[in-house]
$ cat work-v4.txt   # compact mmCIF, C-alpha atoms
# COMPACT_ATOMS: atom_id res chain seq x y z
CA MET A 1 157.00 134.95 -111.75
CA ALA A 2 158.67 137.94 -110.14
CA ARG A 3 162.45 137.88 -110.05
CA GLN A 4 164.26 139.23 -107.04
CA ARG A 5 167.88 139.80 -106.20
CA ILE A 6 168.79 139.27 -102.57
CA SER A 7 172.00 139.23 -100.55
CA LEU A 8 172.66 136.42 -98.09
CA THR A 9 175.14 136.03 -95.29
CA LYS A 10 177.74 133.35 -95.91
CA PRO A 11 176.27 130.91 -93.35
CA ASN A 12 172.80 131.27 -94.90
CA ASP A 13 174.13 130.85 -98.42
CA ASP A 14 176.16 127.80 -97.34
CA TRP A 15 173.05 126.28 -95.76
CA LEU A 16 171.00 126.87 -98.92
CA LYS A 17 173.72 125.31 -101.04
CA ALA A 18 173.88 122.28 -98.72
CA GLN A 19 170.11 121.75 -99.05
CA VAL A 20 170.34 121.87 -102.83
CA ASP A 21 173.45 119.65 -102.85
CA SER A 22 171.60 117.06 -100.75
CA GLU A 23 168.99 117.03 -103.54
CA GLU A 24 166.26 117.96 -101.06
CA TYR A 25 165.50 120.87 -103.40
CA SER A 26 166.40 121.38 -107.03
CA SER A 27 167.38 125.05 -106.61
CA LYS A 28 167.85 127.80 -104.07
CA SER A 29 164.76 129.51 -105.50
CA GLU A 30 162.63 126.45 -104.83
CA LEU A 31 163.93 126.29 -101.27
CA VAL A 32 163.37 130.00 -100.60
CA ASN A 33 159.82 129.77 -101.96
CA ASP A 34 159.16 126.75 -99.71
CA LEU A 35 160.51 128.61 -96.68
CA ILE A 36 158.26 131.57 -97.47
CA ARG A 37 155.23 129.28 -97.82
CA GLN A 38 156.04 127.73 -94.45
CA ALA A 39 156.44 131.16 -92.85
CA ARG A 40 153.11 132.29 -94.31
CA ALA A 41 151.36 129.17 -92.96
CA GLN A 42 152.93 129.73 -89.56
CA GLN A 43 151.80 133.37 -89.60
CA ARG A 44 148.23 132.27 -90.39
CA GLN A 45 148.33 129.98 -87.35
CA ILE A 46 149.72 132.76 -85.16
CA ASP A 47 147.03 135.16 -86.39
CA TRP A 48 144.34 132.50 -85.74
CA ILE A 49 145.62 131.94 -82.19
CA ARG A 50 145.78 135.69 -81.58
CA ARG A 51 142.17 136.13 -82.76
CA LYS A 52 141.03 133.25 -80.55
CA LEU A 53 142.82 134.71 -77.52
CA ILE A 54 141.32 138.16 -78.06
CA LYS A 55 137.86 136.65 -78.50
CA ALA A 56 138.34 134.56 -75.35
CA GLU A 57 139.47 137.56 -73.32
CA HIS A 58 136.28 139.38 -74.23
CA SER A 59 133.88 136.45 -73.88
CA GLY A 60 134.02 135.81 -70.15
CA PHE A 61 133.55 132.35 -68.65
CA THR A 62 132.42 129.14 -70.34
CA ASN A 63 130.97 125.80 -69.34
CA THR A 64 132.79 124.06 -72.19
CA SER A 65 135.23 121.38 -71.02
CA PRO A 66 138.95 121.67 -71.85
CA GLU A 67 138.63 118.57 -74.05
CA GLU A 68 135.76 120.13 -76.02
CA ILE A 69 137.72 123.37 -76.43
CA LEU A 70 140.74 121.44 -77.71
CA ALA A 71 138.66 119.40 -80.16
CA GLN A 72 136.92 122.51 -81.48
CA SER A 73 140.23 124.35 -81.86
CA LYS A 74 141.83 121.45 -83.73
CA LYS A 75 138.82 121.29 -86.05
CA GLU A 76 138.91 125.02 -86.76
CA LEU A 77 142.67 125.07 -87.20
CA GLY A 78 142.41 122.21 -89.68
CA ASN A 79 140.10 124.35 -91.80
CA GLN A 80 142.68 127.11 -92.19

$ encode --input "work-v4.txt" --output "structure tokens"
Amino acid sequence: MARQRISLTKPNDDWLKAQVDSEEYSSKSELVNDLIRQARAQQRQIDWIRRKLIKAEHSGFTNTSPEEILAQSKKELGNQ
């Protein structure tokens, strides 16, 4: 596992310490890794939405109902 040294502002460090003190996480490293995983998952969703919007802009009109579009999108997003 790669080791990194980072500097944190006092409010951010205090927040990390509070999360560890509450026993939500066992260490600051575990918490930072979880935050990065969450950010990566969020970025994948943003990228997926961006691709869908670009595709939609270039595809023209559709006869698909809004409900069908929503169901298809939820299905595809669940496969990410």

$ atom_distance --input "work-v4.txt" --atom1 "atom CA of Val32 of chain A" --atom2 "atom CA of Leu16 of chain A"
8.4 Å

$ closest_atom_pairs --input "work-v4.txt" --of "segment 9-44 of chain A" --to "segment 48-63 of chain A" --cutoff "10 Å" --atoms "all atoms listed in the file" --output "JSON lines"
{"residue": "A:Gln42", "atom": "CA", "partner": "A:Trp48", "partner_atom": "CA", "distance": 9.8}
{"residue": "A:Gln43", "atom": "CA", "partner": "A:Trp48", "partner_atom": "CA", "distance": 8.4}
{"residue": "A:Arg44", "atom": "CA", "partner": "A:Trp48", "partner_atom": "CA", "distance": 6.1}

$ residues_around --input "work-v4.txt" --residues "Asp13 of chain A" --least-positions-apart "4" --cutoff "12 Å" --atoms "only C-alpha atoms" --output "number ranges by chain"
A: 6-9, 17-20, 28-29, 31-32

$ atom_distance --input "work-v4.txt" --atom1 "atom CA of Glu76 of chain A" --atom2 "atom CA of Gln45 of chain A"
10.7 Å
